[in-house]
$ cat query_24.csv   # CSV, C-alpha atoms
chain,number,residue,atom,x,y,z
A,143,MET,CA,23.4,11.5,-5.3
A,144,ALA,CA,19.9,11.0,-6.5
A,145,ARG,CA,18.8,13.1,-9.5
A,146,ILE,CA,15.6,13.8,-11.4
A,147,THR,CA,16.4,12.8,-15.0
A,148,ALA,CA,13.1,13.2,-16.8
A,149,GLY,CA,9.4,14.0,-16.4
A,150,VAL,CA,6.5,12.2,-17.9
A,151,GLY,CA,2.9,13.5,-18.2
A,152,SER,CA,0.1,11.2,-19.0
A,153,SER,CA,-3.7,10.7,-18.7
A,154,HIS,CA,-4.7,7.8,-16.4
A,155,VAL,CA,-8.1,6.8,-17.7
A,156,PRO,CA,-9.3,3.6,-16.1
A,157,LEU,CA,-10.5,2.2,-19.4
A,158,LEU,CA,-6.8,2.1,-20.5
A,159,GLY,CA,-6.2,-0.4,-17.7
A,160,VAL,CA,-9.1,-2.5,-18.9
A,161,ALA,CA,-7.7,-2.4,-22.5
A,162,VAL,CA,-4.3,-3.7,-21.2
A,163,ASP,CA,-5.9,-6.3,-18.9
A,164,GLN,CA,-8.2,-7.6,-21.6
A,165,GLY,CA,-5.5,-7.6,-24.4
A,166,LYS,CA,-7.3,-5.0,-26.5
A,167,THR,CA,-4.4,-2.5,-26.9
A,168,GLY,CA,-4.1,-3.1,-30.7
A,169,ASP,CA,-7.8,-2.9,-31.7
A,170,ASP,CA,-9.3,-0.1,-33.7
A,171,TYR,CA,-10.4,1.9,-30.7
A,172,PHE,CA,-7.4,1.6,-28.5
A,173,GLY,CA,-4.7,1.0,-31.1
A,174,PRO,CA,-4.1,4.8,-31.9
A,175,ILE,CA,-3.9,5.6,-28.2
A,176,PHE,CA,-1.4,2.9,-27.3
A,177,LYS,CA,0.7,3.6,-30.5
A,178,GLY,CA,1.5,7.0,-29.0
A,179,TYR,CA,3.1,5.3,-26.0
A,180,GLU,CA,5.3,2.9,-27.9
A,181,TRP,CA,8.1,5.4,-28.1
A,182,THR,CA,8.0,5.9,-24.4
A,183,ARG,CA,7.8,2.2,-23.5
A,184,GLN,CA,11.0,1.5,-25.6
A,185,TRP,CA,12.7,4.6,-24.2
A,186,GLU,CA,11.9,3.6,-20.6
A,187,ARG,CA,13.1,0.0,-21.2
A,188,ASP,CA,16.3,0.7,-23.2
A,189,THR,CA,17.5,4.2,-22.4
A,190,ALA,CA,15.9,5.9,-19.4
A,191,LYS,CA,15.8,2.9,-17.0
A,192,PRO,CA,14.7,4.8,-13.9
A,193,ASP,CA,15.3,3.3,-10.5
A,194,VAL,CA,12.4,5.2,-8.9
A,195,VAL,CA,9.4,7.0,-10.1
A,196,ILE,CA,7.8,9.7,-8.0
A,197,LEU,CA,4.3,9.2,-9.3
A,198,VAL,CA,2.0,12.2,-8.8
A,199,TYR,CA,-1.7,11.1,-9.1
A,200,ASN,CA,-5.0,11.4,-7.5
A,201,ASP,CA,-6.8,8.8,-5.5
A,202,HIS,CA,-10.4,8.3,-6.8
A,203,ALA,CA,-12.1,7.5,-3.6
A,204,SER,CA,-10.1,4.3,-3.1
A,205,ALA,CA,-7.5,4.8,-0.4
A,206,PHE,CA,-9.1,7.9,1.0
A,207,ASP,CA,-12.8,8.2,1.6
A,208,ALA,CA,-14.8,11.3,2.3
A,209,ASN,CA,-13.5,11.4,5.8
A,210,ILE,CA,-9.9,12.4,5.5
A,211,ILE,CA,-8.9,14.7,2.6
A,212,PRO,CA,-5.1,15.3,2.4
A,213,THR,CA,-4.2,18.1,-0.1
A,214,PHE,CA,-0.7,16.5,-0.6
A,215,ALA,CA,0.1,13.0,0.7
A,216,ILE,CA,3.3,11.0,0.1
A,217,GLY,CA,3.6,7.3,0.3
A,218,CYS,CA,6.5,6.2,2.5
A,219,GLY,CA,5.6,2.4,2.6
A,220,GLU,CA,7.5,-0.6,1.3
A,221,HIS,CA,4.7,-1.8,-1.0
A,222,TYR,CA,1.2,-1.1,-2.2
A,223,LYS,CA,-1.5,-3.4,-3.6
A,224,PRO,CA,-3.8,-2.5,-6.5
A,225,ALA,CA,-7.2,-1.3,-5.1
A,226,ASP,CA,-10.6,-3.0,-5.6
A,227,GLU,CA,-12.5,-0.1,-7.3
A,228,GLY,CA,-15.7,-2.1,-7.5
A,229,TRP,CA,-14.7,-4.6,-10.1
A,230,GLY,CA,-12.1,-6.5,-8.1
A,231,PRO,CA,-8.5,-5.4,-8.1
A,232,ARG,CA,-6.5,-5.1,-11.5
A,233,ASN,CA,-4.4,-8.2,-12.1
A,234,VAL,CA,-1.1,-6.2,-12.2
A,235,PRO,CA,2.0,-6.6,-10.0
A,236,ASP,CA,2.1,-5.1,-6.6
A,237,VAL,CA,3.9,-1.8,-6.5
A,238,ALA,CA,7.2,-1.7,-4.6
A,239,GLY,CA,7.7,1.5,-2.7
A,240,HIS,CA,11.0,3.2,-1.9
A,241,ALA,CA,10.5,3.9,1.7
A,242,ASP,CA,14.0,5.5,2.3
A,243,LEU,CA,13.5,8.0,-0.5
A,244,GLY,CA,9.9,8.5,0.4
A,245,TRP,CA,10.7,9.4,4.0
A,246,HIS,CA,13.6,11.5,2.9
A,247,ILE,CA,11.4,13.5,0.6
A,248,ALA,CA,8.6,13.8,3.2
A,249,GLN,CA,11.0,15.1,5.9
A,250,SER,CA,12.7,17.5,3.5
A,251,LEU,CA,9.4,18.9,2.2
A,252,ILE,CA,8.1,19.5,5.7
A,253,LEU,CA,11.3,21.5,6.5
A,254,ASP,CA,10.8,23.3,3.2
A,255,ASP,CA,7.3,24.5,4.4
A,256,PHE,CA,5.2,21.8,2.6
A,257,ASP,CA,3.1,20.2,5.3
A,258,MET,CA,2.8,16.7,3.9
A,259,THR,CA,0.5,14.0,5.0
A,260,ILE,CA,2.4,10.7,5.3
A,261,ILE,CA,1.0,7.4,4.2
A,262,ASN,CA,2.4,4.1,5.4
A,263,GLU,CA,-0.2,1.7,4.1
A,264,MET,CA,-2.6,2.1,1.2
A,265,ASP,CA,-4.0,0.5,-1.9
A,266,VAL,CA,-3.4,2.3,-5.2
A,267,ASP,CA,-6.1,2.7,-7.8
A,268,HIS,CA,-6.1,3.2,-11.6
A,269,GLY,CA,-4.6,6.7,-11.1
A,270,LEU,CA,-1.3,5.1,-10.3
A,271,THR,CA,-1.4,1.7,-11.9
A,272,VAL,CA,-2.7,2.8,-15.4
A,273,PRO,CA,0.4,5.1,-16.0
A,274,LEU,CA,2.6,2.2,-14.9
A,275,SER,CA,1.0,0.0,-17.5
A,276,MET,CA,1.2,2.7,-20.2
A,277,MET,CA,4.9,3.3,-19.6
A,278,PHE,CA,6.1,-0.2,-18.7
A,279,GLY,CA,3.7,-2.5,-20.5
A,280,THR,CA,2.9,-5.9,-18.8
A,281,PRO,CA,6.0,-7.1,-16.9
A,282,ASP,CA,5.8,-9.7,-14.1
A,283,LYS,CA,7.3,-7.1,-11.8
A,284,TRP,CA,7.4,-3.3,-12.3
A,285,PRO,CA,10.9,-2.3,-13.3
A,286,ALA,CA,11.1,0.8,-11.0
A,287,LYS,CA,10.2,1.5,-7.4
A,288,VAL,CA,7.5,4.1,-6.9
A,289,VAL,CA,7.0,6.9,-4.4
A,290,PRO,CA,3.3,7.7,-4.7
A,291,LEU,CA,2.4,11.4,-4.3
A,292,ALA,CA,-1.4,11.8,-4.0
A,293,VAL,CA,-3.0,15.2,-4.7
A,294,ASN,CA,-6.5,16.2,-3.8
A,295,VAL,CA,-8.1,17.3,-7.1
A,296,VAL,CA,-11.6,16.2,-6.1
A,297,THR,CA,-12.9,18.4,-3.2
A,298,TYR,CA,-12.6,22.1,-3.7
A,299,PRO,CA,-10.5,24.1,-3.2
A,300,VAL,CA,-7.8,21.9,-4.7
A,301,PRO,CA,-4.3,23.2,-4.6
A,302,SER,CA,-3.4,26.0,-7.1
A,303,GLY,CA,-1.3,25.3,-10.1
A,304,ASN,CA,1.3,27.7,-8.6
A,305,ARG,CA,1.5,25.6,-5.4
A,306,CYS,CA,1.8,22.4,-7.4
A,307,TRP,CA,4.7,23.9,-9.3
A,308,ALA,CA,6.4,25.0,-6.1
A,309,LEU,CA,5.9,21.6,-4.6
A,310,GLY,CA,7.7,20.1,-7.6
A,311,GLU,CA,10.6,22.5,-7.1
A,312,ALA,CA,10.8,21.4,-3.5
A,313,ILE,CA,10.7,17.8,-4.5
A,314,ALA,CA,13.7,18.3,-6.8
A,315,ARG,CA,15.7,19.9,-3.9
A,316,ALA,CA,14.8,17.0,-1.7
A,317,VAL,CA,15.8,14.4,-4.3
A,318,GLU,CA,19.1,16.1,-4.9
A,319,SER,CA,20.0,15.9,-1.2
A,320,PHE,CA,19.4,12.1,-1.1
A,321,PRO,CA,22.8,10.5,-0.7
A,322,GLU,CA,22.2,7.3,-2.7
A,323,ASP,CA,22.9,7.3,-6.4
A,324,LEU,CA,19.5,7.0,-7.9
A,325,ASN,CA,18.0,7.7,-11.3
A,326,VAL,CA,14.6,9.3,-10.5
A,327,GLN,CA,11.8,10.2,-12.8
A,328,ILE,CA,8.7,12.3,-11.9
A,329,TRP,CA,5.4,11.6,-13.5
A,330,GLY,CA,2.4,13.9,-13.5
A,331,THR,CA,-0.8,12.1,-14.3
A,332,GLY,CA,-4.5,12.7,-14.9
A,333,GLY,CA,-6.4,14.8,-17.5
A,334,MET,CA,-6.5,16.0,-20.1
A,335,SER,CA,-9.9,17.7,-20.8
A,336,HIS,CA,-12.9,15.7,-19.5
A,337,GLN,CA,-16.1,16.1,-17.6
A,338,LEU,CA,-17.7,13.1,-15.9
A,339,GLN,CA,-20.7,14.7,-14.4
A,340,GLY,CA,-23.8,16.7,-15.1
A,341,PRO,CA,-25.5,17.7,-18.4
A,342,ARG,CA,-22.2,19.2,-19.7
A,343,ALA,CA,-20.5,15.7,-19.4
A,344,GLY,CA,-18.4,14.8,-22.4
A,345,LEU,CA,-16.7,18.2,-22.9
A,346,LEU,CA,-13.3,17.9,-24.6
A,347,ASN,CA,-11.1,20.8,-25.7
A,348,ARG,CA,-8.3,19.8,-28.1
A,349,GLU,CA,-7.1,23.3,-28.6
A,350,TRP,CA,-6.7,24.2,-24.9
A,351,ASP,CA,-5.1,20.8,-24.1
A,352,ASN,CA,-2.5,21.4,-26.8
A,353,MET,CA,-1.8,24.9,-25.6
A,354,PHE,CA,-1.2,23.4,-22.1
A,355,LEU,CA,1.2,20.8,-23.6
A,356,ASP,CA,3.0,23.6,-25.4
A,357,MET,CA,3.4,25.6,-22.2
A,358,LEU,CA,5.2,22.7,-20.4
A,359,VAL,CA,8.1,22.9,-22.9
A,360,GLY,CA,10.8,25.6,-22.7
A,361,ASP,CA,11.7,28.1,-20.1
A,362,SER,CA,8.3,29.8,-19.4
A,363,ASP,CA,6.5,29.3,-16.2
A,364,ALA,CA,3.3,31.0,-17.3
A,365,VAL,CA,1.3,27.8,-17.0
A,366,ARG,CA,1.6,27.8,-13.2
A,367,HIS,CA,-0.7,30.9,-13.0
A,368,ILE,CA,-3.7,29.4,-14.8
A,369,PRO,CA,-6.6,29.8,-12.3
A,370,HIS,CA,-8.9,26.9,-11.4
A,371,ILE,CA,-11.9,28.6,-13.1
A,372,GLU,CA,-10.1,28.4,-16.4
A,373,TYR,CA,-9.5,24.7,-16.2
A,374,LEU,CA,-13.1,24.2,-15.2
A,375,ARG,CA,-14.6,26.3,-18.0
A,376,GLU,CA,-12.2,25.2,-20.7
A,377,THR,CA,-11.5,21.5,-19.9
A,378,GLY,CA,-14.5,20.2,-17.9
A,379,SER,CA,-14.8,19.6,-14.2
A,380,GLU,CA,-12.3,16.8,-14.2
A,381,GLY,CA,-9.7,18.6,-16.4
A,382,ILE,CA,-8.5,20.1,-13.1
A,383,GLU,CA,-6.3,17.0,-12.7
A,384,MET,CA,-3.8,18.7,-15.0
A,385,VAL,CA,-2.6,20.7,-12.0
A,386,MET,CA,-0.8,17.5,-11.1
A,387,TRP,CA,1.3,17.8,-14.3
A,388,LEU,CA,2.7,21.0,-12.8
A,389,VAL,CA,4.2,19.2,-9.9
A,390,MET,CA,6.2,17.2,-12.5
A,391,ARG,CA,7.0,20.4,-14.5
A,392,GLY,CA,8.1,22.3,-11.5
A,393,ALA,CA,10.5,19.5,-10.5
A,394,LEU,CA,12.3,19.8,-13.9
A,395,GLY,CA,13.8,23.2,-13.2
A,396,LYS,CA,13.9,26.4,-15.3
A,397,GLN,CA,13.9,24.8,-18.8
A,398,THR,CA,12.7,21.7,-20.4
A,399,LYS,CA,13.1,19.9,-23.7
A,400,CYS,CA,10.4,17.7,-25.2
A,401,LEU,CA,11.4,14.2,-26.2
A,402,HIS,CA,8.0,12.9,-27.1
A,403,ARG,CA,4.4,14.0,-27.3
A,404,HIS,CA,1.1,12.4,-28.1
A,405,TYR,CA,-2.5,13.5,-28.1
A,406,HIS,CA,-5.7,11.5,-28.9
A,407,ILE,CA,-9.4,12.0,-28.6
A,408,PRO,CA,-11.4,10.2,-27.2
A,409,CYS,CA,-10.8,7.5,-24.7
A,410,SER,CA,-14.1,6.8,-23.0
A,411,ASN,CA,-15.0,10.3,-21.7
A,412,THR,CA,-11.5,11.7,-21.9
A,413,ALA,CA,-8.9,13.3,-24.0
A,414,ILE,CA,-5.6,11.5,-23.8
A,415,GLY,CA,-2.4,13.5,-23.5
A,416,HIS,CA,1.1,12.3,-23.0
A,417,ILE,CA,4.5,14.1,-23.0
A,418,VAL,CA,8.1,13.2,-22.1
A,419,LEU,CA,10.3,16.0,-20.9
A,420,GLU,CA,13.9,16.3,-20.0
A,421,PRO,CA,15.4,19.1,-17.8
A,422,VAL,CA,17.8,21.4,-19.7
A,423,THR,CA,20.7,22.4,-17.5
B,237,MET,CA,-2.8,35.5,-7.0
B,238,LYS,CA,-4.6,35.1,-3.7
B,239,GLN,CA,-8.3,35.1,-4.1
B,240,ASN,CA,-11.2,35.7,-1.7
B,241,ILE,CA,-13.0,32.3,-1.1
B,242,HIS,CA,-16.5,33.8,-1.7
B,243,GLU,CA,-15.5,35.1,-5.1
B,244,TYR,CA,-13.7,31.9,-5.9
B,245,LEU,CA,-16.8,29.8,-5.1
B,246,ALA,CA,-19.2,32.2,-6.8
B,247,GLU,CA,-17.5,31.7,-10.2
B,248,PHE,CA,-18.2,28.0,-10.1
B,249,GLU,CA,-22.0,28.7,-10.3
B,250,ASP,CA,-21.5,30.3,-13.7
B,251,ILE,CA,-20.5,27.0,-15.5
B,252,PRO,CA,-23.4,25.4,-17.4
B,253,GLY,CA,-24.5,21.9,-16.5
B,254,THR,CA,-21.8,21.4,-13.9
B,255,ARG,CA,-21.8,20.9,-10.1
B,256,VAL,CA,-18.3,21.6,-8.8
B,257,TYR,CA,-17.7,19.4,-5.8
B,258,THR,CA,-17.2,22.2,-3.2
B,259,ALA,CA,-16.9,21.8,0.5
B,260,ALA,CA,-20.6,22.6,0.9
B,261,ARG,CA,-21.5,19.7,-1.4
B,262,ALA,CA,-19.0,17.4,0.3
B,263,ARG,CA,-20.7,18.2,3.6
B,264,LYS,CA,-24.2,17.7,2.3
B,265,GLY,CA,-23.4,14.4,0.5
B,266,TYR,CA,-21.0,13.0,3.1
B,267,TRP,CA,-23.1,9.8,3.8
B,268,ILE,CA,-24.1,9.3,0.2
B,269,ASN,CA,-20.4,9.2,-0.6
B,270,GLN,CA,-19.5,7.0,2.3
B,271,PHE,CA,-22.3,4.6,1.4
B,272,ALA,CA,-20.9,4.4,-2.2
B,273,MET,CA,-17.4,3.9,-0.8
B,274,SER,CA,-18.6,0.8,1.1
B,275,LEU,CA,-19.4,-0.9,-2.2
B,276,MET,CA,-15.6,-1.3,-2.8
B,277,LYS,CA,-15.9,-4.5,-0.6
B,278,ALA,CA,-17.2,-7.6,-2.5
B,279,GLU,CA,-19.3,-8.7,0.6
B,280,ASN,CA,-21.0,-5.3,0.7
B,281,ARG,CA,-21.8,-5.4,-3.0
B,282,THR,CA,-23.5,-8.8,-2.5
B,283,ARG,CA,-25.5,-7.6,0.5
B,284,PHE,CA,-26.5,-4.4,-1.4
B,285,LYS,CA,-27.6,-6.3,-4.5
B,286,ALA,CA,-29.7,-8.7,-2.4
B,287,ASP,CA,-31.8,-5.9,-0.8
B,288,GLU,CA,-30.9,-2.4,-1.8
B,289,LYS,CA,-33.4,-0.6,0.4
B,290,ALA,CA,-32.4,-2.6,3.5
B,291,TYR,CA,-28.7,-1.9,2.9
B,292,LEU,CA,-29.4,1.9,2.4
B,293,ASP,CA,-31.5,1.9,5.6
B,294,GLU,CA,-28.3,1.1,7.5
B,295,TRP,CA,-26.9,4.6,6.6
B,296,PRO,CA,-27.9,8.0,7.9
B,297,ILE,CA,-29.0,9.1,4.4
B,298,SER,CA,-32.1,11.3,3.8
B,299,ASP,CA,-35.2,9.6,2.2
B,300,GLU,CA,-34.7,11.9,-0.8
B,301,ALA,CA,-31.2,10.7,-1.3
B,302,LYS,CA,-32.2,7.0,-0.8
B,303,GLU,CA,-34.9,7.5,-3.5
B,304,ALA,CA,-32.3,9.0,-5.9
B,305,LEU,CA,-29.9,6.2,-5.2
B,306,LEU,CA,-32.5,3.5,-5.9
B,307,ALA,CA,-33.5,5.4,-9.1
B,308,ARG,CA,-29.8,5.9,-10.1
B,309,ASP,CA,-30.8,9.5,-10.6
B,310,TYR,CA,-27.2,10.8,-10.8
B,311,ASN,CA,-27.9,14.5,-11.5
B,312,ARG,CA,-30.1,14.6,-8.4
B,313,LEU,CA,-27.4,12.8,-6.5
B,314,LEU,CA,-24.9,15.5,-7.6
B,315,ASP,CA,-27.3,18.1,-6.2
B,316,LEU,CA,-27.5,16.2,-3.0
B,317,GLY,CA,-23.7,16.3,-2.6
B,318,GLY,CA,-22.8,13.0,-4.3
B,319,ASN,CA,-19.4,13.0,-6.1
B,320,VAL,CA,-18.9,11.1,-9.3
B,321,TYR,CA,-15.7,9.2,-8.1
B,322,PHE,CA,-17.7,7.9,-5.1
B,323,LEU,CA,-20.8,7.2,-7.2
B,324,SER,CA,-18.7,5.3,-9.6
B,325,LYS,CA,-18.6,2.5,-7.1
B,326,LEU,CA,-22.3,2.2,-7.7
B,327,PHE,CA,-21.7,2.2,-11.5
B,328,SER,CA,-19.4,-0.7,-11.2
B,329,THR,CA,-21.7,-2.6,-8.8
B,330,ASP,CA,-24.3,-2.2,-11.5
B,331,GLY,CA,-21.8,-3.4,-14.1
B,332,LEU,CA,-22.1,-0.1,-16.0
B,333,SER,CA,-19.1,1.4,-17.8
B,334,PHE,CA,-18.1,4.9,-16.6
B,335,ALA,CA,-19.1,6.3,-20.0
B,336,GLU,CA,-22.6,4.7,-19.9
B,337,ALA,CA,-23.2,5.9,-16.4
B,338,VAL,CA,-22.0,9.4,-17.3
B,339,SER,CA,-24.2,9.5,-20.4
B,340,THR,CA,-27.3,9.2,-18.1
B,341,MET,CA,-26.6,12.6,-16.8
B,342,THR,CA,-26.8,14.2,-20.2
B,343,ASP,CA,-29.8,14.6,-22.5
B,344,MET,CA,-28.5,11.9,-24.8
B,345,SER,CA,-28.9,8.1,-25.0
B,346,PHE,CA,-25.7,6.1,-24.5
B,347,PRO,CA,-25.2,5.5,-28.3
B,348,GLU,CA,-25.7,9.2,-29.0
B,349,TYR,CA,-23.2,10.1,-26.3
B,350,GLN,CA,-20.7,7.6,-27.7
B,351,ALA,CA,-21.2,9.1,-31.2
B,352,MET,CA,-20.6,12.6,-29.8
B,353,MET,CA,-17.3,11.4,-28.1
B,354,ALA,CA,-16.1,9.7,-31.2
B,355,LYS,CA,-16.6,13.0,-33.1
B,356,GLY,CA,-14.4,14.9,-30.7
B,357,GLY,CA,-16.6,15.3,-27.7
B,358,ARG,CA,-18.8,18.2,-26.6
B,359,SER,CA,-17.5,21.5,-27.8
B,360,PRO,CA,-16.6,24.1,-25.1
B,361,GLU,CA,-18.2,26.7,-27.5
B,362,GLY,CA,-21.1,28.2,-25.6
B,363,ASN,CA,-20.5,25.9,-22.7
B,364,ARG,CA,-18.0,27.9,-20.7
B,365,SER,CA,-20.2,30.5,-19.0
B,366,ILE,CA,-23.9,31.0,-18.2
B,367,LYS,CA,-23.7,34.7,-17.9
B,368,GLY,CA,-21.2,35.3,-20.6
B,369,GLY,CA,-22.8,32.9,-23.1
B,370,TYR,CA,-19.5,32.0,-24.6

$ encode --input "query_24.csv" --output "C-alpha cells"
Amino acid sequence: MARITAGVGSSHVPLLGVAVDQGKTGDDYFGPIFKGYEWTRQWERDTAKPDVVILVYNDHASAFDANIIPTFAIGCGEHYKPADEGWGPRNVPDVAGHADLGWHIAQSLILDDFDMTIINEMDVDHGLTVPLSMMFGTPDKWPAKVVPLAVNVVTYPVPSGNRCWALGEAIARAVESFPEDLNVQIWGTGGMSHQLQGPRAGLLNREWDNMFLDMLVGDSDAVRHIPHIEYLRETGSEGIEMVMWLVMRGALGKQTKCLHRHYHIPCSNTAIGHIVLEPVT
Amino acid sequence: MKQNIHEYLAEFEDIPGTRVYTAARARKGYWINQFAMSLMKAENRTRFKADEKAYLDEWPISDEAKEALLARDYNRLLDLGGNVYFLSKLFSTDGLSFAEAVSTMTDMSFPEYQAMMAKGGRSPEGNRSIKGGY
C-alpha cells in the first residue's frame, strides 16, 4: 500500500532557481538560504528516499493563462517539461510524472466530493522546479516521480485554508487506497510573506510567518481557519500562497512532529520559510 | 466560516497600497494579461521588441492600457486589471529582475528598495488597514 511518510513546506522564489542554475548557492547573499536546506537534501537522499512527491504549487501564468482558471488541478501525465517563463526554460531535468497514482488520486478525490481539474500535458514553472532543486540539488535525473497539484492562488476568491486542509485529508485517503507499495511525500510550496505589487510591495512579516510555522506542528488545526484577509493584511498580497502548505499539513493527519525548520529574510522580495514534518500515528 | 461575497470583496479595499486581483480586475485586464502571456514565446518577444506599438495593436487592448504598457507604468496597469504574474513576462522580456520591476511600483529607487529588503523588508506596522490605521 502507498503511504504518506512526510510533508515538506518551502518557498519557491524563482531567484532561488537562478542561484542554483548560475552556481551562486554558496555566495554571501544565497549561502544562508541554502544552508538551511542542507539538512533536508541529506535527509531526502540518505533517509527519506521518496518514490513519489505530490507537489502542491501554483502556476504563475505559465501552463494556465487568464482563460481557464482551475481552483484545484492534478497532473496525471507521464512527464512535464520546465516552462519558458520569459527567459528560456530552466536547464533542469524533465519531471517524470506518476500517471497511475495521479489518476488514482484524481478519481478518488472526485468520488470524495473534490471536483478536480485533470491535466494531461503541461509545462511546469518555477513553482514546481525550484522546490525540486532545493530538496534534491542538481542531479541528472530527479530521484522521485512527481504528481503536480496546482492551486489557484492568483485570481480571487482562491480556495479557503479550510478547504485546502480538507483536500489534503482526502489526498491522504486516496494515497492509502493505492495498491502499490509506494513511499509518498507531500510538499506544500509558496510563500512566505511577500508582496510583489503596488506601493506596499516589499512587505515582510517575520513574526507572523513564524507563528504560521508553529501552527503546523502538533495536534492543533487552528491554522485552517485563518481567513484570506488576515494573510493579505499580515503577509502581503502574495503571502496567500501559504494556503497551499495547508494541503500538505491536512494530508499528514491529526498530529505532526517537526524534523527540521528554517527561516530567512530576504530572498529578492520574499521571506524564505521551510519545514519538514512527519505524521505522528 | 462561510462569508458573503460582497463583504469578502469589500475588505480587500481596506489594504493600503494593494490591488487584490479580484474577478472584476481579471475581467477588466483580460487582454493585457493575455498579451503579456504571449511573451512566453521567444518569437513573440522578438516581434514585440522590434516594434512594441505594432505588436500591441494586434490585441484588443484600450489605448490607455497600451500607453501604460509602453510606459511600463505598472501601478496603472494594476488599476487596469493587469496581474503581476502575467506582467512579469514583460519584466523578463525587458531583462529586469522581479525585484527591480517591483521596486518601480513603490516610492523608492531600486537601490533604496534593495536596502529596505536587506533590512528585513517593509514593516506591516501601519500597513495593514486604511480605516484602522494599524

$ closest_residue --input "query_24.csv" --among "A:Ser410, A:Asn294, A:Thr398, A:Ser153" --to "Ala351 in chain B" --atoms "only C-alpha atoms"
A:Ser410

$ closest_atom_pairs --input "query_24.csv" --of "chain A" --to "chain B" --cutoff "6 Å" --atoms "all atoms listed in the file" --output "CSV"
residue,atom,partner,partner_atom,distance
A:His202,CA,B:Tyr321,CA,5.5
A:Ala203,CA,B:Phe322,CA,5.8
A:Asp226,CA,B:Met276,CA,6.0
A:Glu227,CA,B:Met276,CA,5.6
A:Gly228,CA,B:Met276,CA,4.8
A:Thr297,CA,B:Tyr257,CA,5.5
A:Tyr298,CA,B:Thr258,CA,4.6
A:Leu338,CA,B:Val338,CA,5.8
A:Gly340,CA,B:Thr254,CA,5.2
A:Pro341,CA,B:Thr342,CA,4.1
A:Arg342,CA,B:Gly253,CA,4.8
A:Gly344,CA,B:Arg358,CA,5.4
A:Leu345,CA,B:Arg358,CA,4.3
A:Leu346,CA,B:Gly357,CA,5.2
A:Arg375,CA,B:Arg364,CA,4.6
A:Ser410,CA,B:Ala335,CA,5.9
A:Asn411,CA,B:Ala335,CA,6.0

$ atom_distance --input "query_24.csv" --atom1 "CA of Glu220 in chain A" --atom2 "CA of Pro290 in chain A"
11.1 Å

$ closest_residue --input "query_24.csv" --among "A:Ala312, A:Val359, A:Met386, A:Val155" --to "Asp267 in chain A" --atoms "only C-alpha atoms"
A:Val155

$ atom_distance --input "query_24.csv" --atom1 "CA of Arg315 in chain A" --atom2 "CA of Ser250 in chain A"
8.3 Å

$ atom_distance --input "query_24.csv" --atom1 "CA of Ala215 in chain A" --atom2 "CA of Ala292 in chain A"
5.1 Å

$ residues_around --input "query_24.csv" --residues "range 324-328 of chain A" --least-positions-apart "4" --cutoff "8 Å" --atoms "all atoms listed in the file" --output "list in words"
Met143, Ala144, Arg145, Ile146, Thr147, Ala148, Gly149, Val150, Lys191, Pro192, Asp193, Val194, Val195, Ile196, Leu197, Val198, Met390 and Ala393 of chain A

$ closest_residue --input "query_24.csv" --among "A:Asn262, A:Thr189, A:Gln184, A:Asn304" --to "His221 in chain A" --atoms "only C-alpha atoms"
A:Asn262

$ closest_residue --input "query_24.csv" --among "A:Pro301, A:Ile382, A:Glu349, A:His367" --to "Gln337 in chain A" --atoms "all atoms listed in the file"
A:Ile382

$ residues_near_point --input "query_24.csv" --point "(1.4, 11.7, -20.1)" --cutoff "10 Å" --atoms "only C-alpha atoms" --output "number ranges by chain"
A: 149-154, 179, 182, 273, 276-277, 329-334, 355, 387, 402-405, 414-419

$ write_last_selection --input "query_24.csv" --atoms "C-alpha atoms" --output "PDB file, keeping the file's coordinate frame"
ATOM      1  CA  GLY A 149       9.400  14.000 -16.400  1.00  0.00           C
ATOM      2  CA  VAL A 150       6.500  12.200 -17.900  1.00  0.00           C
ATOM      3  CA  GLY A 151       2.900  13.500 -18.200  1.00  0.00           C
ATOM      4  CA  SER A 152       0.100  11.200 -19.000  1.00  0.00           C
ATOM      5  CA  SER A 153      -3.700  10.700 -18.700  1.00  0.00           C
ATOM      6  CA  HIS A 154      -4.700   7.800 -16.400  1.00  0.00           C
ATOM      7  CA  TYR A 179       3.100   5.300 -26.000  1.00  0.00           C
ATOM      8  CA  THR A 182       8.000   5.900 -24.400  1.00  0.00           C
ATOM      9  CA  PRO A 273       0.400   5.100 -16.000  1.00  0.00           C
ATOM     10  CA  MET A 276       1.200   2.700 -20.200  1.00  0.00           C
ATOM     11  CA  MET A 277       4.900   3.300 -19.600  1.00  0.00           C
ATOM     12  CA  TRP A 329       5.400  11.600 -13.500  1.00  0.00           C
ATOM     13  CA  GLY A 330       2.400  13.900 -13.500  1.00  0.00           C
ATOM     14  CA  THR A 331      -0.800  12.100 -14.300  1.00  0.00           C
ATOM     15  CA  GLY A 332      -4.500  12.700 -14.900  1.00  0.00           C
ATOM     16  CA  GLY A 333      -6.400  14.800 -17.500  1.00  0.00           C
ATOM     17  CA  MET A 334      -6.500  16.000 -20.100  1.00  0.00           C
ATOM     18  CA  LEU A 355       1.200  20.800 -23.600  1.00  0.00           C
ATOM     19  CA  TRP A 387       1.300  17.800 -14.300  1.00  0.00           C
ATOM     20  CA  HIS A 402       8.000  12.900 -27.100  1.00  0.00           C
ATOM     21  CA  ARG A 403       4.400  14.000 -27.300  1.00  0.00           C
ATOM     22  CA  HIS A 404       1.100  12.400 -28.100  1.00  0.00           C
ATOM     23  CA  TYR A 405      -2.500  13.500 -28.100  1.00  0.00           C
ATOM     24  CA  ILE A 414      -5.600  11.500 -23.800  1.00  0.00           C
ATOM     25  CA  GLY A 415      -2.400  13.500 -23.500  1.00  0.00           C
ATOM     26  CA  HIS A 416       1.100  12.300 -23.000  1.00  0.00           C
ATOM     27  CA  ILE A 417       4.500  14.100 -23.000  1.00  0.00           C
ATOM     28  CA  VAL A 418       8.100  13.200 -22.100  1.00  0.00           C
ATOM     29  CA  LEU A 419      10.300  16.000 -20.900  1.00  0.00           C
TER      30      LEU A 419
END

$ closest_residue --input "query_24.csv" --among "A:Ala208, A:Val295, A:Cys409, A:Met353" --to "Ala161 in chain A" --atoms "all atoms listed in the file"
A:Cys409

$ residues_around --input "query_24.csv" --residues "His246 in chain A" --least-positions-apart "4" --cutoff "9 Å" --atoms "all atoms listed in the file" --output "mmCIF file with C-alpha atoms, keeping the file's coordinate frame"
data_model
loop_
_atom_site.group_PDB
_atom_site.id
_atom_site.type_symbol
_atom_site.label_atom_id
_atom_site.label_comp_id
_atom_site.auth_asym_id
_atom_site.auth_seq_id
_atom_site.Cartn_x
_atom_site.Cartn_y
_atom_site.Cartn_z
ATOM 1 C CA CYS A 218 6.500 6.200 2.500
ATOM 2 C CA ALA A 241 10.500 3.900 1.700
ATOM 3 C CA ASP A 242 14.000 5.500 2.300
ATOM 4 C CA SER A 250 12.700 17.500 3.500
ATOM 5 C CA LEU A 251 9.400 18.900 2.200
ATOM 6 C CA ALA A 316 14.800 17.000 -1.700
ATOM 7 C CA VAL A 317 15.800 14.400 -4.300
ATOM 8 C CA SER A 319 20.000 15.900 -1.200
ATOM 9 C CA PHE A 320 19.400 12.100 -1.100
#
